[in-house]
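Shown here: start_0.cif, mmCIF, C-alpha atoms.
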data_start
loop_
_atom_site.label_atom_id
_atom_site.label_comp_id
_atom_site.auth_asym_id
_atom_site.auth_seq_id
_atom_site.Cartn_x
_atom_site.Cartn_y
_atom_site.Cartn_z
CA MET A 14 -19.85 -16.66 -16.39
CA ARG A 15 -20.17 -16.48 -12.63
CA TRP A 16 -23.37 -14.91 -11.31
CA HIS A 17 -21.58 -11.96 -9.74
CA ALA A 18 -20.34 -11.05 -13.19
CA ARG A 19 -23.81 -11.27 -14.71
CA GLN A 20 -25.53 -9.31 -11.96
CA PRO A 21 -22.85 -6.97 -10.60
CA ILE A 22 -25.17 -4.52 -8.87
CA ALA A 23 -27.18 -7.27 -7.19
CA PHE A 24 -23.95 -8.84 -6.02
CA LEU A 25 -22.65 -5.60 -4.51
CA ILE A 26 -25.87 -4.92 -2.63
CA LEU A 27 -26.08 -8.49 -1.34
CA ALA A 28 -22.40 -8.46 -0.30
CA ALA A 29 -22.86 -5.22 1.63
CA VAL A 30 -25.93 -6.52 3.47
CA VAL A 31 -24.25 -9.81 4.38
CA TRP A 32 -21.14 -7.98 5.54
CA PHE A 33 -23.06 -5.66 7.86
CA ALA A 34 -25.16 -8.51 9.24
CA LEU A 35 -22.06 -10.60 9.97
CA TYR A 36 -20.37 -7.61 11.58
CA GLN A 37 -23.20 -7.25 14.11
CA THR A 38 -22.80 -10.85 15.22
CA LEU A 39 -19.11 -10.59 16.03
CA ASP A 40 -19.32 -9.38 19.63
CA PRO A 41 -22.02 -11.82 20.77
CA ALA A 42 -20.29 -14.61 18.87
CA ALA A 43 -16.99 -13.91 20.60
CA GLU A 44 -18.69 -13.91 24.01
CA ALA A 45 -20.43 -17.19 23.21
CA LEU A 46 -17.16 -18.73 22.11
CA VAL A 47 -15.38 -17.78 25.33
CA ALA A 48 -18.38 -18.95 27.39
CA SER A 49 -18.11 -22.37 25.81
CA LEU A 50 -14.48 -22.74 26.92
CA PRO A 51 -13.40 -23.85 30.43
CA VAL A 52 -12.20 -20.35 31.24
CA ASP A 53 -13.47 -17.77 33.71
CA ARG A 54 -14.68 -14.82 31.64
CA ALA A 55 -13.65 -12.35 34.31
CA SER A 56 -10.08 -13.65 34.46
CA HIS A 57 -7.15 -12.19 32.52
CA LEU A 58 -7.17 -15.15 30.16
CA GLY A 59 -10.93 -14.82 29.63
CA GLY A 60 -10.54 -11.14 28.81
CA ALA A 61 -7.63 -11.78 26.47
CA LEU A 62 -9.49 -14.53 24.63
CA GLN A 63 -12.63 -12.42 24.23
CA PHE A 64 -10.49 -9.59 22.87
CA PHE A 65 -8.75 -11.93 20.43
CA PHE A 66 -11.94 -13.71 19.28
CA TYR A 67 -13.73 -10.42 18.76
CA ASP A 68 -10.94 -8.38 17.23
CA THR A 69 -9.53 -10.94 14.83
CA PRO A 70 -12.64 -11.44 12.68
CA LYS A 71 -13.53 -7.77 13.14
CA VAL A 72 -10.23 -6.52 11.76
CA LEU A 73 -10.15 -9.17 9.03
CA MET A 74 -13.68 -8.30 7.95
CA LEU A 75 -12.91 -4.57 7.95
CA LEU A 76 -9.77 -5.16 5.98
CA THR A 77 -11.48 -7.43 3.45
CA GLY A 78 -14.28 -4.91 2.96
CA VAL A 79 -11.97 -1.92 2.62
CA VAL A 80 -9.47 -3.72 0.37
CA PHE A 81 -12.30 -4.94 -1.87
CA VAL A 82 -13.77 -1.45 -2.25
CA MET A 83 -10.30 0.03 -2.80
CA GLY A 84 -9.61 -2.67 -5.37
CA MET A 85 -12.64 -1.45 -7.27
CA ILE A 86 -11.66 2.20 -6.86
CA ASN A 87 -8.12 1.39 -8.00
CA SER A 88 -9.50 0.23 -11.32
CA TYR A 89 -10.60 3.83 -11.97
CA PHE A 90 -7.30 5.37 -10.98
CA THR A 91 -4.66 3.69 -13.06
CA PRO A 92 -1.16 5.18 -13.07
CA GLU A 93 -1.84 6.37 -16.62
CA ARG A 94 -4.89 8.35 -15.56
CA THR A 95 -3.14 9.74 -12.48
CA ARG A 96 -0.28 10.86 -14.67
CA ALA A 97 -2.66 12.52 -17.13
CA MET A 98 -4.30 14.39 -14.26
CA LEU A 99 -0.97 15.65 -12.94
CA ALA A 100 1.01 16.44 -16.08
CA GLY A 101 1.79 20.11 -16.52
CA ARG A 102 -0.14 21.29 -13.47
CA THR A 103 1.21 24.10 -11.31
CA GLU A 104 2.92 22.96 -8.17
CA GLY A 105 1.12 23.48 -4.91
CA VAL A 106 -2.25 22.33 -6.19
CA ALA A 107 -0.55 19.49 -8.02
CA ASN A 108 1.20 18.38 -4.83
CA VAL A 109 -2.13 18.13 -3.03
CA MET A 110 -3.64 16.21 -5.94
CA ALA A 111 -0.64 13.92 -6.22
CA ALA A 112 -0.67 13.06 -2.52
CA SER A 113 -4.42 12.40 -2.61
CA LEU A 114 -4.15 10.32 -5.76
CA GLY A 115 -1.41 8.32 -4.06
CA ILE A 116 -4.07 6.90 -1.78
CA VAL A 117 -6.34 5.58 -4.52
CA THR A 118 -3.85 4.63 -7.23
CA PRO A 119 -2.64 1.05 -6.98
CA PHE A 120 1.01 1.01 -6.09
CA CYS A 121 3.53 -1.73 -5.53
CA SER A 122 7.03 -0.72 -4.48
CA CYS A 123 8.62 -2.64 -7.33
CA SER A 124 6.71 -0.35 -9.69
CA ALA A 125 8.15 2.74 -8.01
CA VAL A 126 10.82 3.23 -10.63
CA PRO A 127 8.82 2.63 -13.83
CA LEU A 128 6.15 4.88 -12.40
CA PHE A 129 8.66 7.58 -11.50
CA ILE A 130 10.16 7.57 -14.98
CA GLY A 131 6.76 7.48 -16.61
CA PHE A 132 5.71 10.57 -14.66
CA VAL A 133 8.91 12.43 -15.52
CA GLN A 134 8.56 11.58 -19.21
CA ALA A 135 5.07 13.02 -19.36
CA GLY A 136 6.08 16.27 -17.77
CA VAL A 137 4.85 15.79 -14.22
CA PRO A 138 7.05 18.13 -12.10
CA LEU A 139 9.65 16.40 -9.93
CA GLY A 140 8.22 17.63 -6.62
CA VAL A 141 4.74 16.48 -7.60
CA THR A 142 6.06 13.03 -8.46
CA PHE A 143 7.67 12.86 -5.05
CA SER A 144 4.42 13.83 -3.33
CA PHE A 145 2.86 10.85 -5.02
CA LEU A 146 5.76 8.54 -4.18
CA ILE A 147 5.64 9.48 -0.51
CA SER A 148 1.91 9.17 -0.08
CA ALA A 149 1.35 5.99 -2.10
CA PRO A 150 3.13 3.46 0.10
CA MET A 151 2.53 5.28 3.37
CA VAL A 152 -1.09 6.38 3.26
CA ASN A 153 -2.59 3.12 2.13
CA GLU A 154 -5.88 1.50 2.96
CA VAL A 155 -4.25 -1.34 4.90
CA ALA A 156 -2.53 1.02 7.34
CA LEU A 157 -5.67 3.11 7.73
CA THR A 158 -7.99 0.16 8.22
CA LEU A 159 -5.72 -1.50 10.77
CA LEU A 160 -5.27 1.72 12.71
CA PHE A 161 -9.03 2.28 12.63
CA GLY A 162 -9.86 -1.29 13.65
CA MET A 163 -7.32 -1.45 16.45
CA PHE A 164 -6.96 2.10 17.74
CA GLY A 165 -10.09 3.93 16.70
CA TRP A 166 -11.15 6.40 14.05
CA LYS A 167 -9.36 9.38 15.54
CA VAL A 168 -5.96 7.73 15.22
CA ALA A 169 -6.72 6.60 11.67
CA LEU A 170 -7.93 10.06 10.66
CA LEU A 171 -4.88 11.74 12.18
CA TYR A 172 -2.56 9.31 10.39
CA LEU A 173 -4.35 10.08 7.13
CA GLY A 174 -4.23 13.84 7.60
CA LEU A 175 -0.65 14.00 8.77
CA GLY A 176 0.54 11.46 6.22
CA LEU A 177 -0.96 13.55 3.43
CA SER A 178 0.59 16.68 4.92
CA VAL A 179 4.04 15.15 4.96
CA ALA A 180 3.61 14.00 1.35
CA ILE A 181 2.35 17.37 0.16
CA VAL A 182 4.86 19.55 1.95
CA ALA A 183 7.89 17.31 1.44
CA GLY A 184 7.10 16.98 -2.27
CA TRP A 185 6.59 20.72 -2.59
CA VAL A 186 9.86 21.48 -0.79
CA ILE A 187 11.80 19.10 -3.01
CA GLY A 188 10.19 20.77 -6.00
CA ARG A 189 11.37 24.20 -4.81
CA LEU A 190 14.92 22.90 -4.52
CA LYS A 191 14.97 22.46 -8.30
CA MET A 192 16.98 19.27 -8.25
CA GLU A 193 16.10 18.02 -11.71
CA ALA A 194 19.82 17.90 -12.45
CA TYR A 195 20.15 15.08 -9.94
CA LEU A 196 18.09 12.65 -11.94
CA GLU A 197 20.29 10.04 -13.55
CA ASP A 198 21.29 11.19 -17.02
CA TRP A 199 19.64 8.33 -18.85
CA VAL A 200 16.33 9.21 -17.21
CA ARG A 201 16.49 12.79 -18.37
CA ASP A 202 17.40 11.57 -21.85
CA MET A 203 14.30 9.42 -22.10
CA PRO A 204 11.90 10.57 -24.79
CA ARG A 205 9.02 12.80 -23.87
CA MET A 206 5.74 11.00 -23.70
CA ALA A 207 2.21 12.18 -24.15
CA ALA A 208 0.21 12.11 -20.96
CA GLN A 209 -3.01 11.38 -22.84
CA PHE A 210 -4.08 7.81 -22.84
CA GLU A 211 -6.83 5.69 -24.21
CA GLU A 212 -9.36 4.58 -21.66
CA ALA A 213 -9.69 0.81 -21.89
CA GLY A 214 -13.35 0.03 -21.31
CA MET A 215 -14.01 -1.66 -18.02
CA THR A 216 -17.32 -3.08 -16.94
CA LEU A 217 -18.57 -3.10 -13.37
CA ALA A 218 -18.07 -6.86 -13.41
CA ASP A 219 -14.41 -6.31 -14.32
CA ARG A 220 -14.03 -3.91 -11.41
CA ILE A 221 -15.60 -6.42 -9.03
CA GLN A 222 -13.06 -8.92 -10.28
CA GLY A 223 -10.39 -6.35 -9.50
CA GLY A 224 -11.77 -6.15 -5.97
CA PHE A 225 -11.52 -9.92 -5.55
CA THR A 226 -7.97 -9.94 -6.86
CA SER A 227 -6.99 -7.20 -4.45
CA VAL A 228 -8.43 -9.11 -1.50
CA ARG A 229 -6.69 -12.31 -2.49
CA GLU A 230 -3.35 -10.56 -2.92
CA ILE A 231 -3.42 -8.18 0.03
CA VAL A 232 -5.43 -9.91 2.74
CA GLY A 233 -3.91 -13.19 1.66
CA LYS A 234 -0.48 -11.75 2.33
CA VAL A 235 -0.99 -9.82 5.57
CA TRP A 236 -3.38 -11.91 7.65
CA PRO A 237 -0.58 -13.63 9.66
CA TYR A 238 0.74 -10.24 10.73
CA ILE A 239 -2.73 -9.21 11.82
CA LEU A 240 -3.15 -12.31 13.94
CA VAL A 241 0.17 -11.62 15.65
CA GLY A 242 -0.71 -7.97 16.12
CA ILE A 243 -4.04 -8.74 17.74
CA ALA A 244 -2.57 -11.50 19.91
CA VAL A 245 -0.02 -9.00 21.20
CA GLY A 246 -2.80 -6.47 21.79
CA ALA A 247 -4.95 -9.05 23.56
CA GLY A 248 -2.15 -10.03 25.89
CA ILE A 249 -1.31 -6.44 26.67
CA HIS A 250 -4.86 -5.20 27.21
CA SER A 251 -5.69 -7.97 29.58
CA TYR A 252 -2.50 -8.59 31.46
CA VAL A 253 -0.91 -5.16 31.81
CA PRO A 254 -2.58 -3.20 34.63
CA GLU A 255 -3.81 0.33 33.85
CA ASP A 256 -1.55 2.15 36.30
CA TYR A 257 1.54 0.43 34.90
CA MET A 258 0.94 2.16 31.57
CA ALA A 259 -0.03 5.45 33.17
CA SER A 260 3.22 5.60 35.11
CA PHE A 261 5.15 5.58 31.84
CA MET A 262 2.85 7.83 29.83
CA GLY A 263 4.35 10.92 31.33
CA ARG A 264 6.51 13.52 29.69
CA GLU A 265 8.59 12.03 26.93
CA ALA A 266 12.23 12.90 26.47
CA TRP A 267 12.50 15.29 23.49
CA TRP A 268 14.83 12.87 21.74
CA SER A 269 12.31 10.03 21.58
CA VAL A 270 10.71 11.28 18.35
CA PRO A 271 13.96 11.70 16.40
CA LEU A 272 15.11 8.35 17.74
CA ALA A 273 11.92 6.69 16.54
CA VAL A 274 12.31 8.20 13.09
CA VAL A 275 15.97 7.24 12.83
CA ILE A 276 15.31 3.66 13.91
CA GLY A 277 12.52 3.46 11.36
CA VAL A 278 14.70 4.29 8.37
CA PRO A 279 16.68 1.04 8.05
CA LEU A 280 13.66 -1.03 9.02
CA TYR A 281 11.24 -1.95 6.35
CA SER A 282 7.86 -3.50 6.65
CA ASN A 283 4.49 -3.35 5.04
CA ALA A 284 1.77 -1.56 6.93
CA ALA A 285 0.44 -4.69 8.59
CA GLY A 286 3.76 -6.00 9.80
CA VAL A 287 4.52 -2.91 11.82
CA ILE A 288 1.23 -2.96 13.73
CA PRO A 289 2.31 -5.57 16.34
CA ILE A 290 5.28 -3.36 17.12
CA VAL A 291 3.00 -0.33 17.34
CA GLN A 292 0.79 -2.22 19.81
CA ALA A 293 3.74 -3.23 21.95
CA LEU A 294 5.25 0.26 21.95
CA LEU A 295 1.97 1.89 22.92
CA ALA A 296 1.58 -0.59 25.75
CA LYS A 297 5.08 0.22 26.97
CA GLY A 298 3.87 3.75 27.40
CA ALA A 299 5.34 5.38 24.32
CA ALA A 300 3.46 8.49 23.29
CA LEU A 301 1.14 8.09 20.29
CA GLY A 302 2.97 10.74 18.26
CA THR A 303 6.28 8.97 18.66
CA VAL A 304 4.78 5.64 17.69
CA LEU A 305 3.03 6.99 14.59
CA ALA A 306 6.24 8.75 13.56
CA PHE A 307 8.01 5.43 13.87
CA MET A 308 5.32 3.72 11.79
CA MET A 309 5.52 6.33 9.04
CA SER A 310 9.29 6.16 9.02
CA VAL A 311 9.30 2.40 8.65
CA ILE A 312 6.82 2.41 5.78
CA ALA A 313 7.76 5.56 3.89
CA LEU A 314 11.55 5.40 4.19
CA SER A 315 12.54 1.91 3.24
CA LEU A 316 16.08 0.91 2.43
CA PRO A 317 14.99 -1.48 -0.35
CA GLU A 318 13.09 1.33 -2.06
CA MET A 319 16.11 3.67 -1.77
CA ILE A 320 18.28 1.04 -3.38
CA ILE A 321 15.82 0.68 -6.23
CA LEU A 322 15.50 4.45 -6.62
CA ARG A 323 19.29 4.68 -6.92
CA LYS A 324 18.84 3.48 -10.49
CA VAL A 325 17.09 6.70 -11.40
CA LEU A 326 18.20 9.24 -8.83
CA LYS A 327 21.67 10.46 -7.98
CA VAL A 328 22.72 10.05 -4.35
CA ARG A 329 22.29 13.77 -3.60
CA LEU A 330 18.62 13.63 -4.55
CA ILE A 331 17.98 10.44 -2.61
CA ALA A 332 19.63 12.00 0.44
CA THR A 333 17.48 15.10 0.03
CA PHE A 334 14.38 12.98 -0.32
CA VAL A 335 15.14 11.02 2.85
CA SER A 336 16.02 14.14 4.84
CA VAL A 337 12.95 16.12 3.84
CA VAL A 338 10.58 13.24 4.51
CA ALA A 339 12.29 12.40 7.81
CA ALA A 340 12.03 16.04 8.86
CA GLY A 341 8.34 16.05 7.96
CA ILE A 342 7.70 12.90 9.96
CA LEU A 343 9.63 14.34 12.89
CA LEU A 344 7.42 17.42 12.86
CA VAL A 345 4.35 15.22 12.72
CA GLY A 346 5.55 13.28 15.74
CA TYR A 347 6.10 16.41 17.82
CA VAL A 348 2.83 18.01 16.80
CA PHE A 349 0.95 14.82 17.59
CA ASN A 350 2.52 14.50 21.02
CA ALA A 351 1.81 18.13 21.79
CA VAL A 352 -1.78 17.98 20.62
CA LEU A 353 -2.89 14.74 22.24
CA MET B 24 3.98 -16.52 -29.89
CA ASP B 25 6.55 -14.21 -28.40
CA ILE B 26 5.81 -13.31 -24.78
CA LYS B 27 7.93 -10.98 -22.71
CA VAL B 28 7.38 -10.41 -19.00
CA LEU B 29 8.65 -7.03 -17.82
CA GLY B 30 9.79 -6.70 -14.23
CA THR B 31 12.73 -5.86 -12.03
CA GLY B 32 12.61 -9.19 -10.25
CA CYS B 33 10.09 -8.95 -7.45
CA ALA B 34 7.92 -11.90 -6.44
CA ASN B 35 4.97 -10.81 -8.59
CA CYS B 36 7.08 -10.86 -11.75
CA ARG B 37 8.32 -14.37 -11.05
CA SER B 38 4.78 -15.57 -10.28
CA THR B 39 3.57 -14.11 -13.57
CA ILE B 40 6.17 -16.02 -15.58
CA ALA B 41 5.39 -19.23 -13.72
CA LEU B 42 1.67 -18.78 -14.29
CA ILE B 43 2.01 -18.07 -18.03
CA ASP B 44 4.26 -21.10 -18.38
CA GLN B 45 1.76 -23.25 -16.51
CA VAL B 46 -1.24 -22.11 -18.56
CA ALA B 47 0.67 -22.47 -21.84
CA MET B 48 1.57 -26.04 -20.98
CA ALA B 49 -1.96 -26.85 -19.88
CA LYS B 50 -3.35 -25.49 -23.14
CA GLY B 51 -0.62 -27.06 -25.24
CA VAL B 52 0.45 -23.73 -26.75
CA THR B 53 4.10 -23.19 -27.62
CA VAL B 54 5.36 -19.86 -26.38
CA LYS B 55 8.72 -18.15 -26.38
CA LEU B 56 8.78 -16.78 -22.83
CA GLU B 57 11.34 -14.11 -22.05
CA LYS B 58 12.07 -12.04 -18.95
CA VAL B 59 12.99 -8.37 -19.39
CA GLU B 60 14.68 -7.02 -16.26
CA GLU B 61 16.70 -4.08 -17.52
CA LEU B 62 14.92 -0.85 -16.56
CA ARG B 63 15.85 0.88 -19.81
CA ASP B 64 14.26 -1.90 -21.81
CA ILE B 65 11.18 -1.98 -19.59
CA MET B 66 10.70 1.76 -20.01
CA GLY B 67 10.95 1.31 -23.76
CA TYR B 68 7.50 -0.27 -23.64
CA GLY B 69 6.05 2.64 -21.74
CA VAL B 70 4.64 0.63 -18.83
CA MET B 71 4.35 2.27 -15.44
CA SER B 72 3.56 -0.71 -13.27
CA THR B 73 5.24 -4.05 -13.23
CA PRO B 74 4.81 -6.89 -13.91
CA GLY B 75 4.04 -6.08 -17.52
CA VAL B 76 3.26 -8.52 -20.29
CA VAL B 77 4.15 -7.92 -23.93
CA ILE B 78 2.84 -10.28 -26.63
CA ASN B 79 4.32 -10.08 -30.12
CA GLY B 80 5.51 -6.57 -29.37
CA LYS B 81 2.27 -5.22 -27.94
CA VAL B 82 1.69 -4.41 -24.25
CA VAL B 83 -1.33 -6.41 -23.09
CA HIS B 84 -1.01 -6.02 -19.34
CA ALA B 85 0.67 -3.86 -16.71
CA GLY B 86 0.46 -4.05 -12.95
CA GLY B 87 -0.27 -7.05 -10.73
CA ILE B 88 -0.32 -10.71 -11.62
CA PRO B 89 -2.67 -11.34 -14.58
CA SER B 90 -5.56 -13.69 -13.97
CA ARG B 91 -5.61 -17.18 -15.41
CA GLU B 92 -8.62 -16.24 -17.57
CA LYS B 93 -6.74 -13.33 -19.08
CA ILE B 94 -3.72 -15.48 -19.93
CA GLU B 95 -5.96 -18.10 -21.52
CA GLN B 96 -7.55 -15.36 -23.64
CA TRP B 97 -4.15 -14.17 -24.84
CA LEU B 98 -3.04 -17.69 -25.76
CA ALA B 99 -6.30 -18.43 -27.53
CA ALA B 100 -5.92 -15.32 -29.68
CA ALA B 101 -2.66 -16.63 -31.15
#

Mind converting the file's structure to structure tokens?
Amino acid sequence: MRWHARQPIAFLILAAVVWFALYQTLDPAAEALVASLPVDRASHLGGALQFFFYDTPKVLMLLTGVVFVMGMINSYFTPERTRAMLAGRTEGVANVMAASLGIVTPFCSCSAVPLFIGFVQAGVPLGVTFSFLISAPMVNEVALTLLFGMFGWKVALLYLGLGLSVAIVAGWVIGRLKMEAYLEDWVRDMPRMAAQFEEAGMTLADRIQGGFTSVREIVGKVWPYILVGIAVGAGIHSYVPEDYMASFMGREAWWSVPLAVVIGVPLYSNAAGVIPIVQALLAKGAALGTVLAFMMSVIALSLPEMIILRKVLKVRLIATFVSVVAAGILLVGYVFNAVL
Amino acid sequence: MDIKVLGTGCANCRSTIALIDQVAMAKGVTVKLEKVEELRDIMGYGVMSTPGVVINGKVVHAGGIPSREKIEQWLAAA
């Protein structure tokens, strides 16, 4: 048995210490790397390289750390436990819980349908299920970490807060509309299921293994997108003069937010893939609210997921779902632009 | 040993089947590997995340690709 399985607590402490130590060396290491190249540090190229050499390991380290911790947290919040926590609860509170649980429960979009049906079978109200389904893909640790690493904690926090708000309110609204009749008949005919479940014992070593698996699967899949995103950011930050951006950052036409949301609907990407586009848009002078609305629209309203959901939802309900979420994102975009 | 992999056809489900096949061959265990893609049938097992693995009628795994160690354990238990 590997040593991290035999001494899980020692491993975690050591890993944390090493991570922090490495993190401190990133800036000086990046500077040293650029200094060793035949490039003038003060030039555009020098600045771009320093940005790239510093940001790439920084973001990758942040992502690895966050994904590992989330992988461990995910092992506590299985879909079964989330369902048990939500079954039979009154709406309102349940919507808030569902949206919050969407962040920590592992979710893959191909599981959207089995999860949806499982929730319905155990008596989780329709609106509450939707709150979960909206928050899970959209407010995920990859999006938050990348936003934090590349745009700062304020942007990440705002995305988190507004993403949760959209999930809570949209889910609640759909619940009020009482559209249970628009579930496909075979779904409604599925047998009731007990929400109780048996907790399979999991050791800390198992959870650490879960963290490793998460890192392998997630970071292993998105790192190319991150490299592209940072390269785009490096180029922009170093080559685009300040006043060029300022001249565009003026008043935005009122239709830019709806346009961003509408464009986002047919596009589908994971959280990491959309970041290069976010970088480019921000550099072009698009307002932050518009860009975040676009990002949410791309991730939360994906055509592939709609097609999959068609197996369990009638068209009317899918249309309602898309409209309510789009409206929520629109509102978020406007509020953001007005506030910042 | 009757093994069913539950999934609607995303990459993870296909990887799971390939991995189980690989491990079974490496260990020299004969398995009857079957893919269940119909949602109604998948729901019959009560899983909420795919890919799911069912061995001799019992759900042993749901969500994410199972690790090689886990698969070896299942095959050894036969």

Residues of chain A within 7 Å of chain B: nearest atom pair and distance (Å, one decimal) for each, counting only C-alpha atoms, sorted by chain and number, as CSV?
residue,atom,partner,partner_atom,distance
A:Pro92,CA,B:Met71,CA,6.7
A:Cys123,CA,B:Cys33,CA,6.5
A:Ser124,CA,B:Ser72,CA,4.8
A:Pro127,CA,B:Met71,CA,4.8
A:Leu128,CA,B:Met71,CA,4.4
A:Gly131,CA,B:Met71,CA,5.9

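Residues in contact with Lys81 of chain B at up to 12 Å, not including ones fewer than 2 positions away on its chain and judged by all atoms listed in the file, are Met24, Asp25, Ile26, Lys27, Val28, Gly67, Tyr68, Gly69, Val70, Gly75, Val76, Val77, Ile78, Asn79, Val83, His84, Ala85 and Trp97 of chain B.
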
Mind checking which residues fall within 9 Å of Tyr238 of chain A, counting only C-alpha atoms, ignoring those fewer than 6 positions away in the same chain, and posting them as a PDB file with C-alpha atoms, in the coordinates of the input?
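Result saved to out_26.pdb:
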ATOM      1  CA  ALA A 285       0.440  -4.690   8.590  1.00  0.00           C
ATOM      2  CA  GLY A 286       3.760  -6.000   9.800  1.00  0.00           C
ATOM      3  CA  VAL A 287       4.520  -2.910  11.820  1.00  0.00           C
ATOM      4  CA  ILE A 288       1.230  -2.960  13.730  1.00  0.00           C
ATOM      5  CA  PRO A 289       2.310  -5.570  16.340  1.00  0.00           C
TER       6      PRO A 289
END

Matched chain/residue IDs from the PyMOL selection byres ((chain A and resi 325-330) around 12), as a PyMOL selection string: (chain A and resi 125-131+133+139-140+143+187-188+190-203+318-324+331-337) or (chain B and resi 62-63+66)

Spatial neighbours of Lys50 of chain B, 9 Å, only C-alpha atoms, chain gap at least 6 places, as a VMD selection string: chain B and resid 95 98 to 99

Write a file for segment 31-45 of chain B, containing N, CA and C atoms (output as an mmCIF file, in the first residue's frame).
data_model
loop_
_atom_site.group_PDB
_atom_site.id
_atom_site.type_symbol
_atom_site.label_atom_id
_atom_site.label_comp_id
_atom_site.auth_asym_id
_atom_site.auth_seq_id
_atom_site.Cartn_x
_atom_site.Cartn_y
_atom_site.Cartn_z
ATOM 1 N N THR B 31 -25.005 6.329 -20.965
ATOM 2 C CA THR B 31 -25.682 6.760 -22.180
ATOM 3 C C THR B 31 -24.728 6.981 -23.341
ATOM 4 N N GLY B 32 -23.477 6.621 -23.187
ATOM 5 C CA GLY B 32 -22.586 6.678 -24.338
ATOM 6 C C GLY B 32 -21.544 7.778 -24.336
ATOM 7 N N CYS B 33 -21.289 8.380 -23.186
ATOM 8 C CA CYS B 33 -20.250 9.405 -23.175
ATOM 9 C C CYS B 33 -18.880 8.736 -23.064
ATOM 10 N N ALA B 34 -17.838 9.529 -23.213
ATOM 11 C CA ALA B 34 -16.475 8.987 -23.252
ATOM 12 C C ALA B 34 -16.134 8.154 -22.027
ATOM 13 N N ASN B 35 -16.580 8.602 -20.840
ATOM 14 C CA ASN B 35 -16.261 7.866 -19.607
ATOM 15 C C ASN B 35 -16.800 6.445 -19.632
ATOM 16 N N CYS B 36 -18.010 6.280 -20.188
ATOM 17 C CA CYS B 36 -18.610 4.946 -20.229
ATOM 18 C C CYS B 36 -17.787 4.024 -21.122
ATOM 19 N N ARG B 37 -17.372 4.567 -22.271
ATOM 20 C CA ARG B 37 -16.591 3.739 -23.191
ATOM 21 C C ARG B 37 -15.243 3.375 -22.577
ATOM 22 N N SER B 38 -14.624 4.356 -21.881
ATOM 23 C CA SER B 38 -13.339 4.078 -21.228
ATOM 24 C C SER B 38 -13.484 2.992 -20.186
ATOM 25 N N THR B 39 -14.610 3.015 -19.450
ATOM 26 C CA THR B 39 -14.832 2.024 -18.404
ATOM 27 C C THR B 39 -14.883 0.628 -18.994
ATOM 28 N N ILE B 40 -15.633 0.469 -20.079
ATOM 29 C CA ILE B 40 -15.738 -0.848 -20.722
ATOM 30 C C ILE B 40 -14.364 -1.313 -21.179
ATOM 31 N N ALA B 41 -13.634 -0.403 -21.829
ATOM 32 C CA ALA B 41 -12.305 -0.761 -22.331
ATOM 33 C C ALA B 41 -11.397 -1.192 -21.198
ATOM 34 N N LEU B 42 -11.477 -0.446 -20.080
ATOM 35 C CA LEU B 42 -10.606 -0.760 -18.943
ATOM 36 C C LEU B 42 -10.937 -2.117 -18.336
ATOM 37 N N ILE B 43 -12.242 -2.397 -18.155
ATOM 38 C CA ILE B 43 -12.649 -3.683 -17.573
ATOM 39 C C ILE B 43 -12.183 -4.824 -18.469
ATOM 40 N N ASP B 44 -12.378 -4.635 -19.768
ATOM 41 C CA ASP B 44 -11.949 -5.640 -20.745
ATOM 42 C C ASP B 44 -10.453 -5.912 -20.623
ATOM 43 N N GLN B 45 -9.697 -4.815 -20.551
ATOM 44 C CA GLN B 45 -8.245 -4.893 -20.447
ATOM 45 C C GLN B 45 -7.816 -5.663 -19.201
#
